[in-house]
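In what follows, a structure is listed as structure tokens, so that the remarks can point back to it.
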Amino acid sequence: MNGRAEPQPIVLVIDDDANLRDALAALFRSVGLQARTFASAGEFMQFKLPDTPACLVLDVRLPGVSGLDFQSDLAKAHIDIPIVFMTGHGDIPMTVRAMKAGAVEFLPKPFRDQDMLDAVQIGLERDRGRRKNAGDAAKLKASFETLTGREQEIMGMVTAGLMNKQIAGELGVSEITVKVHRGNVMRKMRAKSLAELVRMADALGVRRTS
């Protein structure tokens, strides 16, 4: 974490009802969250998402594209943001579709403020987890890229279960050389055990099958 505070989370609201937008923005700000509101999906798409945990509160019935179709559009555009749906005209199939596509919650209007706050907190927590996983994956890839080509090759063989002697025979080098490379791999990848190195190789997609 480097001792840095987490950037302030933000809640993004899309609804064509100006009064509801203002009320929701005030609600989220009252608990210390940033809030930004939009009258339509198109307006939202002009907005650059900040680098901070975020949650989208989305009305099902919007001018132009429906909220459910917009959920699909976001997924196709690889915009991964947790969504809390709200609607005055919800039905069971609509709710099922939204939840199957990964929605956090589906709140019928009028909803209790606390229900909305609870749903948004779940969404923000989910986004924190996604951001952490993405950050961990980037660090792992950066560590892997510090390995030499031979070290990367040996990491693939070690994590496939080959012994030092087998690797040495296959690569035509001494067992001592393999041990040195293997030690470098463990150190550069910051792996504390072979099991941890195997998990890293799986995450990177470099584990050799044999």
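FYI, nothing fancy with the structure tokens labels: chains A, B, ... in order, residues from 1 per chain, ligands from 1 as they appear.
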
Task: Backbone-only DSSP, alpha helix (DSSP H) members of range 4-45 of chain A, as a list of chain:residue names - done: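 Of range 4-45 of chain A, only A:Ala18, A:Asn19, A:Leu20, A:Arg21, A:Asp22, A:Ala23, A:Leu24, A:Ala25, A:Ala26, A:Leu27, A:Phe28, A:Arg29, A:Ser30, A:Ala41, A:Gly42, A:Glu43, A:Phe44, A:Met45 fall in alpha helix (DSSP H).
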
Output file for the selection above: N, CA and C atoms, as a PDB file, in the first residue's frame:
ATOM      1  N   ALA A  18     -34.334  14.432 -12.414  1.00  0.00           N
ATOM      2  CA  ALA A  18     -33.367  15.353 -11.794  1.00  0.00           C
ATOM      3  C   ALA A  18     -33.510  15.385 -10.272  1.00  0.00           C
ATOM      4  N   ASN A  19     -34.759  15.333  -9.780  1.00  0.00           N
ATOM      5  CA  ASN A  19     -34.971  15.382  -8.327  1.00  0.00           C
ATOM      6  C   ASN A  19     -34.355  14.161  -7.633  1.00  0.00           C
ATOM      7  N   LEU A  20     -34.534  12.997  -8.252  1.00  0.00           N
ATOM      8  CA  LEU A  20     -33.965  11.776  -7.667  1.00  0.00           C
ATOM      9  C   LEU A  20     -32.439  11.814  -7.729  1.00  0.00           C
ATOM     10  N   ARG A  21     -31.904  12.301  -8.836  1.00  0.00           N
ATOM     11  CA  ARG A  21     -30.438  12.420  -8.958  1.00  0.00           C
ATOM     12  C   ARG A  21     -29.878  13.276  -7.829  1.00  0.00           C
ATOM     13  N   ASP A  22     -30.506  14.417  -7.617  1.00  0.00           N
ATOM     14  CA  ASP A  22     -30.029  15.335  -6.569  1.00  0.00           C
ATOM     15  C   ASP A  22     -30.153  14.703  -5.180  1.00  0.00           C
ATOM     16  N   ALA A  23     -31.267  13.997  -4.948  1.00  0.00           N
ATOM     17  CA  ALA A  23     -31.489  13.373  -3.641  1.00  0.00           C
ATOM     18  C   ALA A  23     -30.445  12.285  -3.377  1.00  0.00           C
ATOM     19  N   LEU A  24     -30.157  11.495  -4.407  1.00  0.00           N
ATOM     20  CA  LEU A  24     -29.169  10.419  -4.239  1.00  0.00           C
ATOM     21  C   LEU A  24     -27.772  10.997  -4.030  1.00  0.00           C
ATOM     22  N   ALA A  25     -27.426  12.028  -4.786  1.00  0.00           N
ATOM     23  CA  ALA A  25     -26.109  12.654  -4.619  1.00  0.00           C
ATOM     24  C   ALA A  25     -25.946  13.168  -3.195  1.00  0.00           C
ATOM     25  N   ALA A  26     -26.998  13.792  -2.670  1.00  0.00           N
ATOM     26  CA  ALA A  26     -26.951  14.311  -1.293  1.00  0.00           C
ATOM     27  C   ALA A  26     -26.821  13.163  -0.290  1.00  0.00           C
ATOM     28  N   LEU A  27     -27.524  12.066  -0.543  1.00  0.00           N
ATOM     29  CA  LEU A  27     -27.450  10.896   0.343  1.00  0.00           C
ATOM     30  C   LEU A  27     -26.029  10.342   0.399  1.00  0.00           C
ATOM     31  N   PHE A  28     -25.415  10.156  -0.764  1.00  0.00           N
ATOM     32  CA  PHE A  28     -24.070   9.576  -0.794  1.00  0.00           C
ATOM     33  C   PHE A  28     -23.042  10.525  -0.174  1.00  0.00           C
ATOM     34  N   ARG A  29     -23.196  11.808  -0.444  1.00  0.00           N
ATOM     35  CA  ARG A  29     -22.236  12.774   0.134  1.00  0.00           C
ATOM     36  C   ARG A  29     -22.385  12.856   1.654  1.00  0.00           C
ATOM     37  N   SER A  30     -23.604  12.562   2.150  1.00  0.00           N
ATOM     38  CA  SER A  30     -23.822  12.632   3.600  1.00  0.00           C
ATOM     39  C   SER A  30     -23.043  11.559   4.359  1.00  0.00           C
ATOM     40  N   ALA A  41     -27.382   7.493 -20.330  1.00  0.00           N
ATOM     41  CA  ALA A  41     -26.225   6.620 -20.526  1.00  0.00           C
ATOM     42  C   ALA A  41     -25.179   7.307 -21.418  1.00  0.00           C
ATOM     43  N   GLY A  42     -25.670   8.034 -22.427  1.00  0.00           N
ATOM     44  CA  GLY A  42     -24.746   8.729 -23.331  1.00  0.00           C
ATOM     45  C   GLY A  42     -23.903   9.764 -22.598  1.00  0.00           C
ATOM     46  N   GLU A  43     -24.554  10.475 -21.669  1.00  0.00           N
ATOM     47  CA  GLU A  43     -23.834  11.479 -20.874  1.00  0.00           C
ATOM     48  C   GLU A  43     -22.760  10.804 -20.018  1.00  0.00           C
ATOM     49  N   PHE A  44     -23.120   9.652 -19.448  1.00  0.00           N
ATOM     50  CA  PHE A  44     -22.161   8.903 -18.628  1.00  0.00           C
ATOM     51  C   PHE A  44     -20.937   8.491 -19.445  1.00  0.00           C
ATOM     52  N   MET A  45     -21.173   8.070 -20.690  1.00  0.00           N
ATOM     53  CA  MET A  45     -20.066   7.565 -21.525  1.00  0.00           C
ATOM     54  C   MET A  45     -19.082   8.670 -21.907  1.00  0.00           C
TER      55      MET A  45
END

Open item on the list: Please list as a count of residues only every residue within 12 Å of Leu204 in chain A, counting only C-alpha atoms and excluding residues in the same chain fewer than 5 positions away.
Closed with: 18

Task: Among listed residues A:Glu151, A:Asp51, A:Asp73, A:Asp59, nearest Pro108 in chain A (using only C-alpha atoms) - done: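 Going through A:Glu151, A:Asp51, A:Asp73, A:Asp59 one by one, the smallest distance to Pro108 in chain A is for A:Asp59.
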
As a CSV table (one decimal) with N, CA and C atoms, in the first residue's frame, please: every residue in range 61-142 of chain A that DSSP puts in strand (DSSP E).
chain,number,residue,atom,x,y,z
A,83,ILE,N,-22.8,-2.6,-10.5
A,83,ILE,CA,-24.1,-1.9,-10.7
A,83,ILE,C,-25.2,-2.2,-9.7
A,84,VAL,N,-25.8,-1.1,-9.2
A,84,VAL,CA,-27.0,-1.3,-8.4
A,84,VAL,C,-28.1,-0.7,-9.2
A,85,PHE,N,-29.1,-1.6,-9.5
A,85,PHE,CA,-30.2,-1.1,-10.3
A,85,PHE,C,-31.3,-0.6,-9.4
A,86,MET,N,-32.1,0.3,-10.0
A,86,MET,CA,-33.3,0.8,-9.3
A,86,MET,C,-34.4,1.0,-10.4
A,87,THR,N,-35.6,0.7,-10.0
A,87,THR,CA,-36.7,0.8,-10.9
A,87,THR,C,-38.0,0.9,-10.3
A,105,GLU,N,-27.4,-5.4,-6.8
A,105,GLU,CA,-28.7,-5.4,-6.2
A,105,GLU,C,-29.7,-4.8,-7.2
A,106,PHE,N,-31.0,-5.1,-6.9
A,106,PHE,CA,-32.1,-4.6,-7.8
A,106,PHE,C,-33.1,-4.0,-6.8
A,107,LEU,N,-33.1,-2.7,-6.7
A,107,LEU,CA,-34.0,-2.0,-5.7
A,107,LEU,C,-35.2,-1.4,-6.3
A,108,PRO,N,-36.4,-1.8,-5.9
A,108,PRO,CA,-37.7,-1.2,-6.4
A,108,PRO,C,-37.9,0.2,-5.8

Open item on the list: Restricting the calculation to only C-alpha atoms: of A:Arg190, A:Asp127, A:Arg61, A:Ile154, which residue gets closest to Glu175 in chain A?
Closed with: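 Looking at the shortest contact to Glu175 in chain A, the residue is A:Ile154.
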
Using only C-alpha atoms, which residues sit within 9 Å of Arg36 in chain A once same-chain residues fewer than 6 positions away are excluded, as a short mmCIF file (atom, residue, chain, number, x, y, z; two decimals) with C-alpha atoms, in the first residue's frame?
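Saved result, selection-v9.cif, follows:
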data_model
loop_
_atom_site.label_atom_id
_atom_site.label_comp_id
_atom_site.auth_asym_id
_atom_site.auth_seq_id
_atom_site.Cartn_x
_atom_site.Cartn_y
_atom_site.Cartn_z
CA ILE A 10 -17.22 7.56 -5.97
CA VAL A 11 -20.86 6.68 -6.69
CA LEU A 12 -22.12 7.40 -10.20
CA VAL A 13 -25.86 7.83 -10.72
CA ILE A 14 -27.72 7.59 -14.04
CA ARG A 21 -30.44 12.42 -8.96
CA ALA A 25 -26.11 12.65 -4.62
#

- [ ] Could you give me, as a list in words, the residues within 6 Å of range 75-82 of chain A, counting only C-alpha atoms and dropping anything in the same chain fewer than 2 positions from it?
- [x]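 Counting only C-alpha atoms, the residues come to Cys55, Ser72, Asp73 and Gly123 of chain A.
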
Task: Contacts of Arg128 in chain A within 6 Å, only C-alpha atoms, excl. fewer than 3 positions in-chain, as a list in words - done: Pro53, Glu125 and Arg131 of chain A

Open item on the list: Using only C-alpha atoms, which protein or nucleic acid residues come within 12 Å of range 178-186 of chain A? Drop anything in the same chain fewer than 4 positions from it, and give the result as a ChimeraX atom specification.
Closed with: /A:143-159,162-174,190-198,200-201

May I have the residues from that selection written out with N, CA and C atoms, as a compact mmCIF listing (two decimals), in the first residue's frame?
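Full text of part_19.txt as output:
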# COMPACT_ATOMS: atom_id res chain seq x y z
N SER A 143 7.22 -8.61 -12.19
CA SER A 143 8.28 -9.46 -11.62
C SER A 143 8.73 -10.50 -12.64
N PHE A 144 7.76 -11.12 -13.34
CA PHE A 144 8.09 -12.14 -14.33
C PHE A 144 8.96 -11.56 -15.45
N GLU A 145 8.68 -10.31 -15.80
CA GLU A 145 9.43 -9.69 -16.90
C GLU A 145 10.86 -9.32 -16.50
N THR A 146 11.18 -9.38 -15.18
CA THR A 146 12.57 -9.16 -14.76
C THR A 146 13.41 -10.42 -14.95
N LEU A 147 12.76 -11.57 -15.19
CA LEU A 147 13.49 -12.83 -15.40
C LEU A 147 14.12 -12.83 -16.79
N THR A 148 15.29 -13.44 -16.90
CA THR A 148 15.88 -13.65 -18.22
C THR A 148 15.07 -14.72 -18.96
N GLY A 149 15.29 -14.84 -20.25
CA GLY A 149 14.59 -15.86 -21.03
C GLY A 149 14.82 -17.26 -20.48
N ARG A 150 16.05 -17.56 -20.09
CA ARG A 150 16.36 -18.88 -19.54
C ARG A 150 15.67 -19.09 -18.19
N GLU A 151 15.63 -18.04 -17.37
CA GLU A 151 14.95 -18.14 -16.08
C GLU A 151 13.46 -18.37 -16.26
N GLN A 152 12.86 -17.71 -17.24
CA GLN A 152 11.44 -17.92 -17.51
C GLN A 152 11.18 -19.37 -17.94
N GLU A 153 12.09 -19.88 -18.77
CA GLU A 153 11.99 -21.25 -19.25
C GLU A 153 12.08 -22.24 -18.07
N ILE A 154 13.03 -21.99 -17.20
CA ILE A 154 13.23 -22.88 -16.04
C ILE A 154 12.05 -22.77 -15.07
N MET A 155 11.48 -21.57 -14.92
CA MET A 155 10.30 -21.43 -14.07
C MET A 155 9.17 -22.32 -14.59
N GLY A 156 8.98 -22.34 -15.91
CA GLY A 156 7.94 -23.18 -16.50
C GLY A 156 8.19 -24.66 -16.24
N MET A 157 9.46 -25.07 -16.30
CA MET A 157 9.80 -26.49 -16.11
C MET A 157 9.71 -26.89 -14.64
N VAL A 158 10.20 -26.01 -13.76
CA VAL A 158 10.16 -26.29 -12.31
C VAL A 158 8.71 -26.44 -11.86
N THR A 159 7.85 -25.52 -12.31
CA THR A 159 6.46 -25.53 -11.85
C THR A 159 5.65 -26.63 -12.52
N LEU A 162 9.29 -30.83 -12.91
CA LEU A 162 10.58 -31.44 -13.29
C LEU A 162 11.62 -31.21 -12.20
N MET A 163 12.45 -32.23 -11.98
CA MET A 163 13.55 -32.13 -11.01
C MET A 163 14.72 -31.39 -11.66
N ASN A 164 15.63 -30.88 -10.82
CA ASN A 164 16.80 -30.15 -11.35
C ASN A 164 17.57 -30.99 -12.36
N LYS A 165 17.73 -32.28 -12.04
CA LYS A 165 18.51 -33.17 -12.92
C LYS A 165 17.82 -33.31 -14.28
N GLN A 166 16.49 -33.43 -14.27
CA GLN A 166 15.74 -33.54 -15.54
C GLN A 166 15.86 -32.26 -16.37
N ILE A 167 15.77 -31.11 -15.68
CA ILE A 167 15.88 -29.82 -16.39
C ILE A 167 17.27 -29.68 -16.99
N ALA A 168 18.28 -30.04 -16.20
CA ALA A 168 19.67 -29.95 -16.67
C ALA A 168 19.85 -30.80 -17.92
N GLY A 169 19.31 -32.02 -17.90
CA GLY A 169 19.44 -32.92 -19.05
C GLY A 169 18.73 -32.38 -20.28
N GLU A 170 17.55 -31.82 -20.05
CA GLU A 170 16.76 -31.32 -21.18
C GLU A 170 17.39 -30.08 -21.80
N LEU A 171 18.00 -29.23 -20.95
CA LEU A 171 18.58 -27.97 -21.47
C LEU A 171 20.06 -28.11 -21.83
N GLY A 172 20.68 -29.25 -21.46
CA GLY A 172 22.10 -29.44 -21.76
C GLY A 172 23.01 -28.55 -20.94
N VAL A 173 22.62 -28.31 -19.67
CA VAL A 173 23.46 -27.51 -18.77
C VAL A 173 23.70 -28.32 -17.50
N SER A 174 24.58 -27.83 -16.63
CA SER A 174 24.86 -28.55 -15.38
C SER A 174 23.74 -28.34 -14.38
N ARG A 190 9.83 -13.33 -5.74
CA ARG A 190 9.50 -13.21 -4.31
C ARG A 190 8.60 -14.36 -3.86
N ALA A 191 8.91 -15.55 -4.36
CA ALA A 191 8.16 -16.75 -3.98
C ALA A 191 8.81 -17.39 -2.76
N LYS A 192 8.01 -17.67 -1.75
CA LYS A 192 8.54 -18.25 -0.51
C LYS A 192 8.58 -19.77 -0.56
N SER A 193 7.90 -20.37 -1.54
CA SER A 193 7.87 -21.82 -1.65
C SER A 193 7.58 -22.22 -3.09
N LEU A 194 7.82 -23.49 -3.40
CA LEU A 194 7.52 -23.99 -4.74
C LEU A 194 6.02 -23.90 -5.01
N ALA A 195 5.21 -24.20 -3.97
CA ALA A 195 3.75 -24.13 -4.15
C ALA A 195 3.32 -22.72 -4.55
N GLU A 196 3.93 -21.71 -3.93
CA GLU A 196 3.60 -20.33 -4.27
C GLU A 196 4.04 -20.01 -5.69
N LEU A 197 5.20 -20.52 -6.09
CA LEU A 197 5.69 -20.30 -7.46
C LEU A 197 4.75 -20.95 -8.47
N VAL A 198 4.22 -22.13 -8.13
CA VAL A 198 3.27 -22.82 -9.01
C VAL A 198 2.02 -21.96 -9.19
N MET A 200 1.81 -18.75 -8.94
CA MET A 200 2.20 -17.61 -9.78
C MET A 200 2.24 -18.00 -11.26
N ALA A 201 2.84 -19.17 -11.53
CA ALA A 201 2.95 -19.63 -12.92
C ALA A 201 1.56 -19.85 -13.52

- [ ] Record the distance separating CA of Gly135 in chain A and CA of Gln121 in chain A, expressed in Å with one decimal.
- [x]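 Separation between CA of Gly135 in chain A and CA of Gln121 in chain A: 20.9 Å.
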
Task: Separation of CA of Ala160 in chain A from CA of Ala134 in chain A in Å - done: 25.1 Å

Open item on the list: Taking only C-alpha atoms into account, name the residue in A:Pro9, A:Ala103, A:Ala203, A:Asp91 that is nearest to Gly32 in chain A.
Closed with: A:Pro9

- [ ] Could you check how far CA of Met116 in chain A sits from CA of Gln46 in chain A, in Å to one decimal?
- [x]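 Going from CA of Met116 in chain A over to CA of Gln46 in chain A, I get 25.2 Å.
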
Open item on the list: Which residue is closest to Val31 in chain A? Choose from A:Leu117, A:Ile176, A:Met99, A:Leu124 and count only C-alpha atoms.
Closed with: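 Closest to Val31 in chain A, using only C-alpha atoms: A:Leu117.
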